[in-house]
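Heads up, the thing below is written out as structure tokens.
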Amino acid sequence: MWMHDGWDLMAHGVIFVDYNQPGGPRGAGKAESVNWGMLMEQHRLGSGTILFREMFSAESLTSPHPGFPEIFQTGETYHGETLVDHQHPHNVFAELAALYTLPLTKSVSWELYGGPSAEPALGPVTYMHRASAAELPMAPLGHHLQDSTHTSFGVITTGFVIDRVKLEASAFNGREPNERRWSIQLAALDSWSGRASIAPTRNWTAQYSIGRLEHPEALELGSQWRQTASVEYNRALHDGSWAASVVWGRVHKIETGTNLNSYLAESTVSFRQRNYAFSRLELVDKDELFPQAADHPTYRIGAYTFGGVRDLIQNKAWQLGLGADFTFYSKPAALTAAYGSNPVSFQIFLRVRPAKSAEHHSH
């Protein structure tokens, strides 16, 4: 962080360099990199403050299409077909947005947020920024039922912060990004959402949100209702910290009347300064595992991830950690022929990020 001429400036990011080996007959190992960087600039503007946010990712180069191997993952497209058993790379311009905050009274503020690449008021904190997922390079299987709108090309959000409660409403472009990961794909703001959040204490936050997404899927004609609810807990420990999240997400496909649910619990504990242990437990409904089939039944998939990281280097500028994780699965017997009896996936990775307290002052 820097302070310069009335501006508060921040740079943040992470780079995972890993070998990813999904289990089962559909698994294909790959060397890859999950990565993103964020810049923020804040300054007073009138009686309020203006905050600019930019987020970038090089994943279209470090894990080019079809992206990151991940069995049972679905969402978006590749070569005009539904992407299955892979997590798509994120867009180069993951966020280009601004937030204006204006205090109205001692306990009430008005906010206006938006931009050509921004996040509508729908869903929990996206997994990339959750403290409970800070050491996990892989996206949750429920990503597209919970927080996939974190990059929407066209968003306007307004709302009020009333003491510990925030109420927001958004108009946005609900279409998923296409395969041109380097472009900004503006379209009509024909989708909407609303979110209510509360932070009852310093350690606890919770939210409920609902939205209607108009034609979000490139290969599906219908629109969707999406609901999410989440609770997050963050606590400082004597020589570390503990972060945990519980997330529910539901998509109702209006065209077919299908309901898809997802449930997630994840936790990361840091201890003795250099060590991290993490887990992620999921149950997710999937109906796109066999896009070429005549029928598209829904399958309930369980994914159970456990892993850890140890920082090999810690200094005032950055941290370098070595980590690994394993994922076990539960699934219906009907999927055994395609995915094997007991698939197990694993990753080995290096993680690089800025140090926790790298602050600079200039005048």
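Residue numbering restarts at 1 in every chain; chains get A, B, ... in the order shown in the structure tokens, and ligands count up from 1 in that same order.
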
| Skipping near chain neighbours, those fewer than 3 positions away, what residues fall within 8 Å of Ile254 (chain A) using only C-alpha atoms, listed as a PyMOL selection string? | chain A and resi 222-225+257-258

Distance table requested - region 80-157 of chain A against region 191-201 of chain A, cut-off 12 Å, only C-alpha atoms: one row per qualifying residue with the closest atom pair and its distance in Å to one decimal, ordered by chain and rising residue number, as a Markdown table.
```
| residue | atom | partner | partner_atom | distance |
| --- | --- | --- | --- | --- |
| A:Glu119 | CA | A:Ser193 | CA | 10.9 |
| A:Pro120 | CA | A:Ser193 | CA | 7.2 |
| A:Ala121 | CA | A:Arg195 | CA | 5.6 |
| A:Leu122 | CA | A:Ser193 | CA | 6.0 |
| A:Gly123 | CA | A:Arg195 | CA | 7.9 |
| A:Pro124 | CA | A:Ser197 | CA | 9.5 |
| A:Val125 | CA | A:Ser197 | CA | 11.0 |
| A:Thr149 | CA | A:Ser193 | CA | 10.8 |
| A:Ser152 | CA | A:Ser191 | CA | 10.6 |
| A:Phe153 | CA | A:Ser191 | CA | 11.7 |
| A:Gly154 | CA | A:Ser191 | CA | 10.2 |
| A:Val155 | CA | A:Trp192 | CA | 9.5 |
| A:Ile156 | CA | A:Trp192 | CA | 9.6 |
| A:Thr157 | CA | A:Ser193 | CA | 9.1 |
```

| task | With a distance cut-off of 6 Å and only C-alpha atoms, select the neighbouring residues of region 284-293 of chain A, excluding the residue or stretch itself and same-chain residues fewer than 5 positions from it, and output the selection as number ranges by chain. | result | A: 142, 260-262, 298-301

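Nearest to Ser170 (chain A) of all the residues A:Gly46, A:Pro216, A:Gly115, A:Gly75 is A:Gly115, counting only C-alpha atoms.
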
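For Leu221 (chain A), the non-local neighbours within 12 Å, defined as residues at least 2 positions apart in the same chain or in other chains and counting only C-alpha atoms, are Arg175, Leu213, Glu214, His215, Pro216, Glu217, Ala218, Leu219, Ser223, Gln224, Lys253, Ile254, Glu255 and Thr256 of chain A.
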
| said: Just checking: using only C-alpha atoms, which residue out of A:Met40, A:Ala28, A:Ala294, A:Leu237 ends up closest to Gln273 (chain A)? | reply: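 Closest to Gln273 (chain A), using only C-alpha atoms: A:Leu237.
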